[in-house]
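Trainee: Below is the structure I would like to discuss, written out as structure tokens.
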Amino acid sequence: MEKKLNPANAFQTFVVIWLALLFSQVLFLALTYFTVEEVFPIDFSQPILGVGDQAWILYFVAFLSVDALIFSFYYRARLRKQSVEEQKLEIVQQALITSIALSETVTIWGLFLAFAIHYQYFFVWMIIGFSATLLHFPSRKDIANATFKGQSGSD
């Protein structure tokens, strides 16, 4: 049996999900701080674009990160529209979780750069992923739009 989301409690549920996924990104930074000694303290004299064999890894990660960010906002917008058409609150939840997960991949790429190549500017990826997650804060309007027909009594 499929459990339906309660529109009255949906916003609180979505905020808890958002906070948990946001906090996980803070844990990635803490993990980096306590396990990768080579990147702390941060040496700003290092080249931003990487050097030698590291440059291609950096460009590849940058490409994947930009792609994930763009897709996170596109996919959330597409699912928001679908939730209004189908009047399903579960689609709003799916949009939230998926978009935050895609934003979190940018943070994970920063973690990868710190661990794999000791890239001094790994924190830029983490800041961008964290900021994108902040932008994906749940919206009461999305909940209202996905449930307005059900509240008026007509389906």
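Chain identifiers are assigned as A, B, and so on, following the order in which chains appear in the structure tokens; residues are numbered from 1 within each chain, and ligands are numbered from 1 in order of appearance.
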Which residues are close to Leu21 (chain A), i.e. within 12 Å by only C-alpha atoms, leaving aside same-chain residues fewer than 2 positions away? Reply as number ranges by chain.

Mentor: A: 14-19, 23-28, 96-105, 107, 129-130, 132-134, 136-137

Trainee: So which residues touch Ile42 (chain A) within 9 Å, counting only C-alpha atoms, skipping near sequence neighbours fewer than 4 positions away, as a VMD selection string?

Mentor: chain A and resid 38 120 to 121

Trainee: Any chance you could export the current selection's N, CA and C atoms as a PDB file, in the first residue's frame?

Mentor:
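Result went into again23.pdb, see below:
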```pdb
ATOM      1  N   GLU A  38      47.093  17.243   3.602  1.00  0.00           N
ATOM      2  CA  GLU A  38      47.834  17.940   2.546  1.00  0.00           C
ATOM      3  C   GLU A  38      47.148  19.208   2.054  1.00  0.00           C
ATOM      4  N   GLN A 120      44.081  22.275  -3.846  1.00  0.00           N
ATOM      5  CA  GLN A 120      43.957  23.288  -2.799  1.00  0.00           C
ATOM      6  C   GLN A 120      42.634  24.045  -2.824  1.00  0.00           C
ATOM      7  N   TYR A 121      41.994  24.091  -3.969  1.00  0.00           N
ATOM      8  CA  TYR A 121      40.753  24.859  -4.083  1.00  0.00           C
ATOM      9  C   TYR A 121      39.518  23.955  -4.100  1.00  0.00           C
TER      10      TYR A 121
END
```

Trainee: Residues near region 29-33 of chain A, anyone? I mean within 12 Å using only C-alpha atoms, not counting same-chain ones fewer than 6 positions away, as a PyMOL selection string.

Mentor: chain A and resi 22-23+39-42+107-116+118-120+122-127+129-130

Trainee: Include C-alpha atoms and write out the residues we just selected as a PDB file, in the first residue's frame.

Mentor:
```
ATOM      1  CA  LEU A  22      22.477  20.183   3.780  1.00  0.00           C
ATOM      2  CA  PHE A  23      24.122  18.945   6.971  1.00  0.00           C
ATOM      3  CA  VAL A  39      45.145  20.529   1.769  1.00  0.00           C
ATOM      4  CA  PHE A  40      45.179  22.298   5.143  1.00  0.00           C
ATOM      5  CA  PRO A  41      46.163  25.013   5.624  1.00  0.00           C
ATOM      6  CA  ILE A  42      44.982  26.129   2.222  1.00  0.00           C
ATOM      7  CA  THR A 107      30.290  18.844  -3.049  1.00  0.00           C
ATOM      8  CA  ILE A 108      31.296  15.211  -3.460  1.00  0.00           C
ATOM      9  CA  TRP A 109      33.433  16.143  -6.469  1.00  0.00           C
ATOM     10  CA  GLY A 110      35.180  18.684  -4.213  1.00  0.00           C
ATOM     11  CA  LEU A 111      35.760  15.891  -1.711  1.00  0.00           C
ATOM     12  CA  PHE A 112      37.172  13.747  -4.515  1.00  0.00           C
ATOM     13  CA  LEU A 113      39.543  16.530  -5.590  1.00  0.00           C
ATOM     14  CA  ALA A 114      40.820  16.909  -2.026  1.00  0.00           C
ATOM     15  CA  PHE A 115      41.411  13.191  -1.573  1.00  0.00           C
ATOM     16  CA  ALA A 116      42.627  12.203  -5.041  1.00  0.00           C
ATOM     17  CA  HIS A 118      45.103  17.237  -3.010  1.00  0.00           C
ATOM     18  CA  TYR A 119      43.652  20.152  -4.925  1.00  0.00           C
ATOM     19  CA  GLN A 120      43.957  23.288  -2.799  1.00  0.00           C
ATOM     20  CA  PHE A 122      38.504  21.852  -3.387  1.00  0.00           C
ATOM     21  CA  PHE A 123      36.442  24.059  -1.082  1.00  0.00           C
ATOM     22  CA  VAL A 124      35.121  26.020  -4.088  1.00  0.00           C
ATOM     23  CA  TRP A 125      33.218  22.912  -5.177  1.00  0.00           C
ATOM     24  CA  MET A 126      31.908  22.473  -1.660  1.00  0.00           C
ATOM     25  CA  ILE A 127      30.743  26.088  -1.463  1.00  0.00           C
ATOM     26  CA  GLY A 129      27.264  22.557  -3.906  1.00  0.00           C
ATOM     27  CA  PHE A 130      26.216  23.958  -0.531  1.00  0.00           C
TER      28      PHE A 130
END
```

Trainee: Calculate how many Å separate CA of Phe60 (chain A) from CA of Leu79 (chain A), rounding to one decimal.

Mentor: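 Interatomic distance, CA of Phe60 (chain A) to CA of Leu79 (chain A): 28.0 Å.
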